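K.L.:
Let me give you the structure first, and then I'll get to my questions.
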Amino acid sequence: MASEDITKLAESLAKTKVGGGQLSFKGQSLKLNTAEDAEEVIKQIEEFDGLEALRLEGNTVGVEAAKVIAKALEKKSELKRCHWSDMFTGRLRSEIPPALISLGDALITAGAQLVELDLSDNAFGPDGVRGFEALLKSPACYTLQELKLNNCGMGIGGGKILAAALKECHRKSSAQGKPLALKIFVAGRNRLENDGATALAEAFGIIGTLEEVHMPQNGINHPGITALAQAFAINPLLKVINLNDNTFTEKGAVAMAETLKALRQIEVINFGDCLVRSKGAVAIADAVKEGLHKLKELNLSFCEIKRDAALTVAEAIEDKAELEKLDLNGNCLGEEGCEQLQEILEGFNMAAVLGSLSDDEGEEEDDEEEEEDEDEEEEEEEEEEQQQLKERGQGEQESLTPKKIIDSQDSTPVPSPPVDVATFLAFPSPEKLLRLGPKCSVLIAQQTDTSDVEKVVTALLRISSVFKDEAPVKTAVHETTDALMRKAFTSATFNSDAFITSLLIHMGLLKSEDKIKAVPSLYGILMTLNHMVQQDYFPKSVAPVLSAFVTKPNRALDSCSFARHMLLQTLHQL
């Protein structure tokens, strides 16, 4: 290490905060690549007697540096809190698991008994969970009370690995007479979806001691929400439930409402942007009215709730003396409905708890309500079809290889309904893409008019919408994308600039004079673009444009921060 680098590191370490058993290197932007880079950090750790908390947030730790830091931690048996969020900035995903394994093994060797483990904002993906799997199963985590894994890109696979590790930790710790008593679980922005959420719900049901669960922005629909609701019902100490920006629909909202009736300690309910709609809101209102006397915050914002249902929610909080905030912004009350809502709360002397209604969508017409009900029925029918396919034969294999659908009564193979390109593009799902067979990429490319930019963009968005981290689906999406876009970009009549413009509009990143509805989630298209921009057919001239728009602040992009990070990292390397 050069002398000027050592001087700079020493100045940073001079700001290190020490006190109350805590050693903090938080936010010092240390770049620890080699053992030599980490010498001063190691010295601080070794000389700290009674180390109970170590903060490494806001730095970047490489594999070699992690090994020597781990060596120093092997003698720190009193360590209880590991604040290790955002400590792999700029690292390749392949570097993170071995670094975590080294650190985890050190804690096991030291005989530490952790109370808090925070690995949030580390984009390690499913493989990264393997990096601390052994730690979670070890005696070092039998005492764990807080587990924070926000914004890690775990995906379904990572969620399942995590769930299995938590169940194993509970089993082993119970055998020793002190079962795992996890209190706080945080895993927002991880694309857990239904399968990941259902796996974790099983673990939650076994643990039974949760007080706070934060799982916003995970792409969970009503089957996953229902599984979580059932698990929450056997966690009677729950105080905070944050499932913001998932998709309940009526079924999920009703299931969750039934669970709320059984819980007595609830203080915060955050179901904002969860599409509970009017029927779901009424069910939740009934649960609130029947109990929840400790409720401090109720968030049902941006849920497509109409006036009468919103007024029912307001009436339900009449005797909630501890309520501090009611958020019904972004729903469909209309000006008159907003006034009625305020009048009801004023009558309870609770006007102060009502949040802003500045983003109210206004009352919807009857035909729009009918269209909404039809859309919900279509969504739920599609979800039920996919769930039935899994239950009847696909199973949850680690390899996720499709299996024949077997009838549970007589074991006679039941033929899958035929799927063609038009059916897939009209109602895309991973199962339909796989059922198109090995020639799916060729078929979709052949049947898409690549002289029409809008048709290419639409086809790409439909294909990418079914993206999943499981190998068969990911491969099918990549191969189909390659066939379609290679055909388009190599066509002399295809306008690359018009394509990227249209794509950005459909992603909601660029405004258009035409009213074009943005895709509901950017995760699939971002992950697909991450693959696409690395291929030889992709025109590198449009990469700067794509990078500029993906870099801009945007709520939809923020909810897919892992995929966004992956794409930007790839674009930077082009």
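Ordered as shown in the structure tokens, chains take letters A, B, and onward, while each chain numbers its residues from 1 and ligands are numbered from 1 in the order shown.
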Mind the document's chain letters and residue numbers, and return as number ranges by chain the residues of segment 165-406 of chain A that DSSP labels strand (DSSP E or B).

P.N.:
A: 184-186, 212-214, 240-242, 268-270, 297-299, 306, 325-327, 332, 354, 406

K.L.:
For those residues, write N, CA and C atoms to a file as a tab-separated table (two decimals), in the first residue's frame.

P.N.:
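This went into selection_1.tsv:
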```tsv
chain	number	residue	atom	x	y	z
A	184	ILE	N	-37.36	-9.66	15.31
A	184	ILE	CA	-37.47	-8.72	14.18
A	184	ILE	C	-36.91	-9.37	12.92
A	185	PHE	N	-37.72	-9.37	11.86
A	185	PHE	CA	-37.30	-9.93	10.57
A	185	PHE	C	-37.52	-8.88	9.50
A	186	VAL	N	-36.46	-8.55	8.76
A	186	VAL	CA	-36.54	-7.53	7.71
A	186	VAL	C	-36.00	-8.13	6.41
A	212	GLU	N	-41.87	-8.01	14.87
A	212	GLU	CA	-41.91	-7.13	13.70
A	212	GLU	C	-41.54	-7.93	12.45
A	213	VAL	N	-42.32	-7.74	11.40
A	213	VAL	CA	-42.00	-8.35	10.10
A	213	VAL	C	-42.10	-7.26	9.04
A	214	HIS	N	-41.00	-7.05	8.35
A	214	HIS	CA	-40.95	-6.05	7.28
A	214	HIS	C	-40.57	-6.77	5.98
A	240	VAL	N	-45.66	-5.10	14.58
A	240	VAL	CA	-45.52	-4.38	13.31
A	240	VAL	C	-45.57	-5.35	12.14
A	241	ILE	N	-46.48	-5.09	11.19
A	241	ILE	CA	-46.54	-5.85	9.94
A	241	ILE	C	-46.41	-4.85	8.79
A	242	ASN	N	-45.32	-4.94	8.05
A	242	ASN	CA	-45.08	-4.05	6.91
A	242	ASN	C	-44.95	-4.90	5.65
A	268	VAL	N	-48.60	-1.30	14.32
A	268	VAL	CA	-48.41	-0.71	12.98
A	268	VAL	C	-48.83	-1.71	11.91
A	269	ILE	N	-49.73	-1.29	11.03
A	269	ILE	CA	-50.14	-2.06	9.86
A	269	ILE	C	-49.81	-1.23	8.63
A	270	ASN	N	-48.91	-1.71	7.80
A	270	ASN	CA	-48.55	-1.00	6.57
A	270	ASN	C	-48.86	-1.89	5.38
A	297	GLU	N	-50.69	3.02	13.89
A	297	GLU	CA	-50.61	3.46	12.49
A	297	GLU	C	-51.29	2.45	11.58
A	298	LEU	N	-52.12	2.95	10.67
A	298	LEU	CA	-52.79	2.13	9.67
A	298	LEU	C	-52.58	2.77	8.31
A	299	ASN	N	-51.89	2.06	7.44
A	299	ASN	CA	-51.58	2.57	6.10
A	299	ASN	C	-52.27	1.70	5.05
A	306	LYS	N	-62.42	2.57	-2.74
A	306	LYS	CA	-63.41	3.57	-3.12
A	306	LYS	C	-64.03	4.23	-1.88
A	325	LYS	N	-51.69	7.77	13.19
A	325	LYS	CA	-51.71	8.07	11.76
A	325	LYS	C	-52.62	7.11	11.01
A	326	LEU	N	-53.48	7.67	10.17
A	326	LEU	CA	-54.31	6.92	9.24
A	326	LEU	C	-53.99	7.43	7.84
A	327	ASP	N	-53.49	6.56	6.98
A	327	ASP	CA	-53.08	6.96	5.63
A	327	ASP	C	-53.99	6.30	4.61
A	332	CYS	N	-59.55	6.19	-4.21
A	332	CYS	CA	-60.55	6.72	-5.15
A	332	CYS	C	-61.76	7.27	-4.41
A	354	LEU	N	-55.31	11.92	10.40
A	354	LEU	CA	-55.46	11.67	8.96
A	354	LEU	C	-54.30	12.27	8.18
A	406	ILE	N	-49.23	-35.13	-12.86
A	406	ILE	CA	-49.78	-36.44	-12.52
A	406	ILE	C	-51.07	-36.27	-11.71
```

K.L.:
Out of A:Ile96, A:Leu461, A:Ala197, A:Leu425, which residue has the shortest atom-to-atom distance to Val519 of chain A when counting only C-alpha atoms?

P.N.:
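Answer, going by the shortest atom-to-atom distance: A:Leu461.
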
K.L.:
Would you give me, as a list of chain:residue names, the residues in segment 191-249 of chain A that DSSP reads as alpha helix (DSSP H)?

P.N.:
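Selecting the alpha helix (DSSP H) positions of segment 191-249 of chain A gives A:Glu193, A:Asn194, A:Asp195, A:Gly196, A:Ala197, A:Thr198, A:Ala199, A:Leu200, A:Ala201, A:Glu202, A:Ala203, A:Phe204, A:Gly205, A:Ile206, A:Ile207, A:His222, A:Pro223, A:Gly224, A:Ile225, A:Thr226, A:Ala227, A:Leu228, A:Ala229, A:Gln230, A:Ala231, A:Phe232, A:Thr249.
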
K.L.:
Can you tell me how far atom CA of Phe88 of chain A sits from atom CA of Leu32 of chain A, in Å to one decimal?

P.N.:
9.8 Å

K.L.:
For a test of reading the model, state the distance in Å between atom CA of Gly188 of chain A and atom CA of Ala476 of chain A, rounded to one decimal.

P.N.:
27.4 Å

K.L.:
May I ask for the distance between atom CA of Gly252 of chain A and atom CA of Glu364 of chain A, given in Å to one decimal place?

P.N.:
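Separation of atom CA of Gly252 of chain A and atom CA of Glu364 of chain A: 22.9 Å.
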
K.L.:
Choose the residue, out of A:Thr198, A:Thr480, A:Thr259, A:Gln217, that has the smallest atom-to-atom separation from Val288 of chain A; count only C-alpha atoms.

P.N.:
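Among the listed residues, the smallest separation from Val288 of chain A belongs to A:Thr259.
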
K.L.:
Determine the nearest neighbour of Leu162 of chain A from the options A:Glu202, A:Asp245, A:Asp449, A:Asp514, counting only C-alpha atoms.

P.N.:
A:Glu202

K.L.:
Please list as a compact mmCIF listing (two decimals) with N, CA, C and O atoms, in the first residue's frame every residue within 9 Å of segment 128-141 of chain A, counting only C-alpha atoms and excluding residues in the same chain fewer than 3 positions away.

P.N.:
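Output below, filename selection.txt:
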```
# COMPACT_ATOMS: atom_id res chain seq x y z
N ARG A 93 -20.49 -10.35 -7.53
CA ARG A 93 -21.32 -11.23 -6.71
C ARG A 93 -20.55 -12.47 -6.27
O ARG A 93 -20.80 -13.01 -5.18
N SER A 94 -19.61 -12.92 -7.07
CA SER A 94 -18.83 -14.12 -6.74
C SER A 94 -17.90 -13.90 -5.56
O SER A 94 -17.45 -14.86 -4.92
N ILE A 96 -18.69 -12.14 -2.80
CA ILE A 96 -19.40 -11.95 -1.53
C ILE A 96 -19.57 -13.24 -0.72
O ILE A 96 -19.29 -13.25 0.48
N PRO A 97 -20.02 -14.37 -1.34
CA PRO A 97 -20.18 -15.58 -0.52
C PRO A 97 -18.92 -16.02 0.23
O PRO A 97 -19.00 -16.29 1.44
N PRO A 98 -17.73 -16.08 -0.42
CA PRO A 98 -16.55 -16.50 0.34
C PRO A 98 -16.18 -15.53 1.46
O PRO A 98 -15.69 -15.95 2.52
N ALA A 99 -16.43 -14.24 1.24
CA ALA A 99 -16.16 -13.25 2.29
C ALA A 99 -17.08 -13.49 3.49
O ALA A 99 -16.65 -13.46 4.65
N LEU A 100 -18.36 -13.74 3.20
CA LEU A 100 -19.31 -14.00 4.28
C LEU A 100 -19.01 -15.31 5.00
O LEU A 100 -19.18 -15.41 6.23
N ILE A 101 -18.58 -16.31 4.26
CA ILE A 101 -18.23 -17.60 4.88
C ILE A 101 -17.09 -17.41 5.86
O ILE A 101 -17.13 -17.94 6.99
N SER A 102 -16.07 -16.65 5.49
CA SER A 102 -14.93 -16.41 6.38
C SER A 102 -15.38 -15.71 7.66
O SER A 102 -15.01 -16.12 8.77
N LEU A 103 -16.18 -14.68 7.52
CA LEU A 103 -16.65 -13.93 8.68
C LEU A 103 -17.56 -14.77 9.57
O LEU A 103 -17.46 -14.75 10.80
N GLY A 104 -18.44 -15.56 8.93
CA GLY A 104 -19.34 -16.41 9.69
C GLY A 104 -18.60 -17.50 10.46
O GLY A 104 -18.89 -17.77 11.63
N ASP A 105 -17.62 -18.13 9.80
CA ASP A 105 -16.83 -19.17 10.46
C ASP A 105 -16.10 -18.61 11.67
O ASP A 105 -15.94 -19.29 12.70
N LEU A 107 -17.10 -16.17 13.64
CA LEU A 107 -18.05 -15.99 14.74
C LEU A 107 -18.37 -17.33 15.41
O LEU A 107 -18.52 -17.41 16.63
N ILE A 108 -18.44 -18.38 14.60
CA ILE A 108 -18.69 -19.72 15.15
C ILE A 108 -17.51 -20.16 16.00
O ILE A 108 -17.67 -20.65 17.12
N THR A 109 -16.29 -19.96 15.48
CA THR A 109 -15.08 -20.33 16.21
C THR A 109 -14.96 -19.57 17.53
O THR A 109 -14.55 -20.12 18.55
N ALA A 110 -15.33 -18.29 17.49
CA ALA A 110 -15.22 -17.45 18.69
C ALA A 110 -16.22 -17.85 19.77
O ALA A 110 -16.05 -17.51 20.95
N GLY A 111 -17.27 -18.58 19.38
CA GLY A 111 -18.32 -18.92 20.34
C GLY A 111 -19.22 -17.73 20.63
O GLY A 111 -19.82 -17.64 21.71
N ALA A 112 -19.33 -16.83 19.66
CA ALA A 112 -20.18 -15.65 19.83
C ALA A 112 -21.65 -16.06 19.93
O ALA A 112 -22.05 -17.12 19.42
N GLN A 113 -22.43 -15.23 20.57
CA GLN A 113 -23.87 -15.45 20.67
C GLN A 113 -24.56 -14.18 20.16
O GLN A 113 -24.79 -13.23 20.92
N LEU A 114 -24.87 -14.18 18.89
CA LEU A 114 -25.40 -12.98 18.24
C LEU A 114 -26.83 -12.66 18.68
O LEU A 114 -27.65 -13.55 18.90
N VAL A 115 -27.09 -11.37 18.76
CA VAL A 115 -28.43 -10.86 19.01
C VAL A 115 -28.97 -10.20 17.74
O VAL A 115 -30.15 -10.26 17.45
N GLU A 116 -28.07 -9.57 16.97
CA GLU A 116 -28.48 -8.86 15.75
C GLU A 116 -27.50 -9.14 14.62
O GLU A 116 -26.29 -9.06 14.80
N LEU A 117 -28.05 -9.44 13.45
CA LEU A 117 -27.25 -9.63 12.23
C LEU A 117 -27.90 -8.82 11.13
O LEU A 117 -29.04 -9.08 10.74
N ASN A 122 -26.68 -5.41 0.56
CA ASN A 122 -25.57 -6.12 -0.07
C ASN A 122 -26.16 -6.96 -1.20
O ASN A 122 -26.91 -7.90 -0.95
N ALA A 123 -25.85 -6.63 -2.42
CA ALA A 123 -26.50 -7.27 -3.58
C ALA A 123 -25.89 -8.64 -3.85
O ALA A 123 -25.25 -8.86 -4.87
N PHE A 124 -26.11 -9.59 -2.91
CA PHE A 124 -25.44 -10.87 -3.07
C PHE A 124 -26.28 -11.94 -3.77
O PHE A 124 -25.77 -12.99 -4.13
N GLY A 125 -27.58 -11.70 -3.96
CA GLY A 125 -28.40 -12.65 -4.69
C GLY A 125 -28.57 -13.97 -3.94
O GLY A 125 -28.15 -14.12 -2.78
N LEU A 144 -30.24 -15.32 18.32
CA LEU A 144 -30.55 -14.21 17.40
C LEU A 144 -31.96 -13.65 17.63
O LEU A 144 -32.93 -14.40 17.70
N GLN A 145 -32.05 -12.34 17.73
CA GLN A 145 -33.33 -11.67 17.92
C GLN A 145 -33.72 -10.79 16.73
O GLN A 145 -34.90 -10.57 16.48
N CYS A 152 -31.36 -7.28 -0.75
CA CYS A 152 -30.22 -8.16 -1.02
C CYS A 152 -30.38 -8.97 -2.30
O CYS A 152 -29.47 -9.72 -2.67
N MET A 154 -32.27 -11.58 -2.90
CA MET A 154 -32.25 -13.02 -2.61
C MET A 154 -33.03 -13.85 -3.61
O MET A 154 -32.65 -14.97 -3.94
N GLY A 158 -33.06 -17.83 -2.82
CA GLY A 158 -32.45 -17.37 -1.58
C GLY A 158 -33.43 -17.41 -0.43
O GLY A 158 -33.06 -17.74 0.71
N GLY A 159 -34.70 -17.09 -0.70
CA GLY A 159 -35.73 -17.14 0.34
C GLY A 159 -35.91 -18.55 0.88
O GLY A 159 -36.09 -18.75 2.09
N ILE A 161 -33.62 -20.99 0.83
CA ILE A 161 -32.41 -21.36 1.59
C ILE A 161 -32.47 -20.74 2.98
O ILE A 161 -32.17 -21.38 4.00
N LEU A 162 -32.87 -19.47 3.03
CA LEU A 162 -32.97 -18.76 4.30
C LEU A 162 -34.00 -19.42 5.22
O LEU A 162 -33.75 -19.63 6.42
N ALA A 165 -32.68 -22.61 6.67
CA ALA A 165 -31.66 -22.36 7.70
C ALA A 165 -32.31 -21.93 9.01
O ALA A 165 -31.88 -22.36 10.09
N LEU A 166 -33.33 -21.10 8.94
CA LEU A 166 -34.03 -20.66 10.16
C LEU A 166 -34.72 -21.83 10.85
O LEU A 166 -34.70 -21.94 12.09
N LYS A 167 -35.33 -22.71 10.08
CA LYS A 167 -35.98 -23.88 10.67
C LYS A 167 -34.96 -24.80 11.33
O LYS A 167 -35.21 -25.33 12.41
N GLU A 168 -33.81 -24.96 10.68
CA GLU A 168 -32.75 -25.80 11.25
C GLU A 168 -32.20 -25.18 12.53
O GLU A 168 -31.91 -25.88 13.51
N CYS A 169 -32.05 -23.86 12.53
CA CYS A 169 -31.58 -23.16 13.73
C CYS A 169 -32.55 -23.36 14.88
O CYS A 169 -32.15 -23.63 16.02
N HIS A 170 -33.84 -23.27 14.57
CA HIS A 170 -34.85 -23.46 15.62
C HIS A 170 -34.82 -24.90 16.13
O HIS A 170 -34.94 -25.13 17.35
N LYS A 172 -32.29 -27.09 16.16
CA LYS A 172 -31.08 -27.35 16.95
C LYS A 172 -31.11 -26.63 18.29
O LYS A 172 -30.74 -27.18 19.32
N SER A 173 -31.53 -25.36 18.27
CA SER A 173 -31.57 -24.60 19.51
C SER A 173 -32.63 -25.16 20.47
O SER A 173 -32.43 -25.16 21.69
N LEU A 180 -34.73 -20.83 19.30
CA LEU A 180 -34.57 -19.54 18.64
C LEU A 180 -35.81 -18.68 18.88
O LEU A 180 -36.93 -19.11 18.66
```

K.L.:
Could you list, as a PDB file with N, CA, C and O atoms, in the first residue's frame, every residue within 6 Å of Ile305 of chain A, counting only C-alpha atoms and ignoring same-chain residues fewer than 2 positions away?

P.N.:
```pdb
ATOM      1  N   ARG A 277     -58.036  -3.161  -2.398  1.00  0.00           N
ATOM      2  CA  ARG A 277     -59.310  -2.760  -2.983  1.00  0.00           C
ATOM      3  C   ARG A 277     -60.406  -2.648  -1.920  1.00  0.00           C
ATOM      4  O   ARG A 277     -60.177  -2.841  -0.735  1.00  0.00           O
ATOM      5  N   SER A 278     -61.596  -2.345  -2.357  1.00  0.00           N
ATOM      6  CA  SER A 278     -62.667  -1.980  -1.428  1.00  0.00           C
ATOM      7  C   SER A 278     -63.092  -3.137  -0.525  1.00  0.00           C
ATOM      8  O   SER A 278     -63.238  -2.975   0.684  1.00  0.00           O
ATOM      9  N   CYS A 303     -54.390   1.858  -2.672  1.00  0.00           N
ATOM     10  CA  CYS A 303     -54.912   0.489  -2.692  1.00  0.00           C
ATOM     11  C   CYS A 303     -56.186   0.336  -3.527  1.00  0.00           C
ATOM     12  O   CYS A 303     -56.867  -0.679  -3.438  1.00  0.00           O
ATOM     13  N   ASN A 331     -56.188   6.859  -2.996  1.00  0.00           N
ATOM     14  CA  ASN A 331     -57.304   5.969  -3.297  1.00  0.00           C
ATOM     15  C   ASN A 331     -58.334   6.697  -4.156  1.00  0.00           C
ATOM     16  O   ASN A 331     -58.018   7.713  -4.770  1.00  0.00           O
ATOM     17  N   CYS A 332     -59.553   6.189  -4.212  1.00  0.00           N
ATOM     18  CA  CYS A 332     -60.551   6.718  -5.152  1.00  0.00           C
ATOM     19  C   CYS A 332     -61.764   7.265  -4.410  1.00  0.00           C
ATOM     20  O   CYS A 332     -62.879   6.738  -4.516  1.00  0.00           O
TER      21      CYS A 332
END
```

K.L.:
Taking only C-alpha atoms into account, which of A:Leu149, A:Ile156, A:Ala203, A:Ala283 comes nearest Ala471 of chain A?

P.N.:
A:Ile156

K.L.:
Using only C-alpha atoms, which residues sit within 7 Å of Ile42 of chain A once same-chain residues fewer than 3 positions away are excluded, as a ChimeraX atom specification?

P.N.:
/A:38-39,45-46,69,72

K.L.:
Ranking A:Ala422, A:Leu237, A:Asp118, A:Met256 by minimum distance to Gln447 of chain A and counting only C-alpha atoms, which one comes first?

P.N.:
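So, comparing all the options, the nearest one is A:Ala422.
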
K.L.:
When you count only C-alpha atoms, which of these residues is closest to Arg486 of chain A: A:Tyr537, A:Phe467, A:Phe204, A:Phe499?

P.N.:
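Looking at the shortest contact to Arg486 of chain A, the residue is A:Tyr537.
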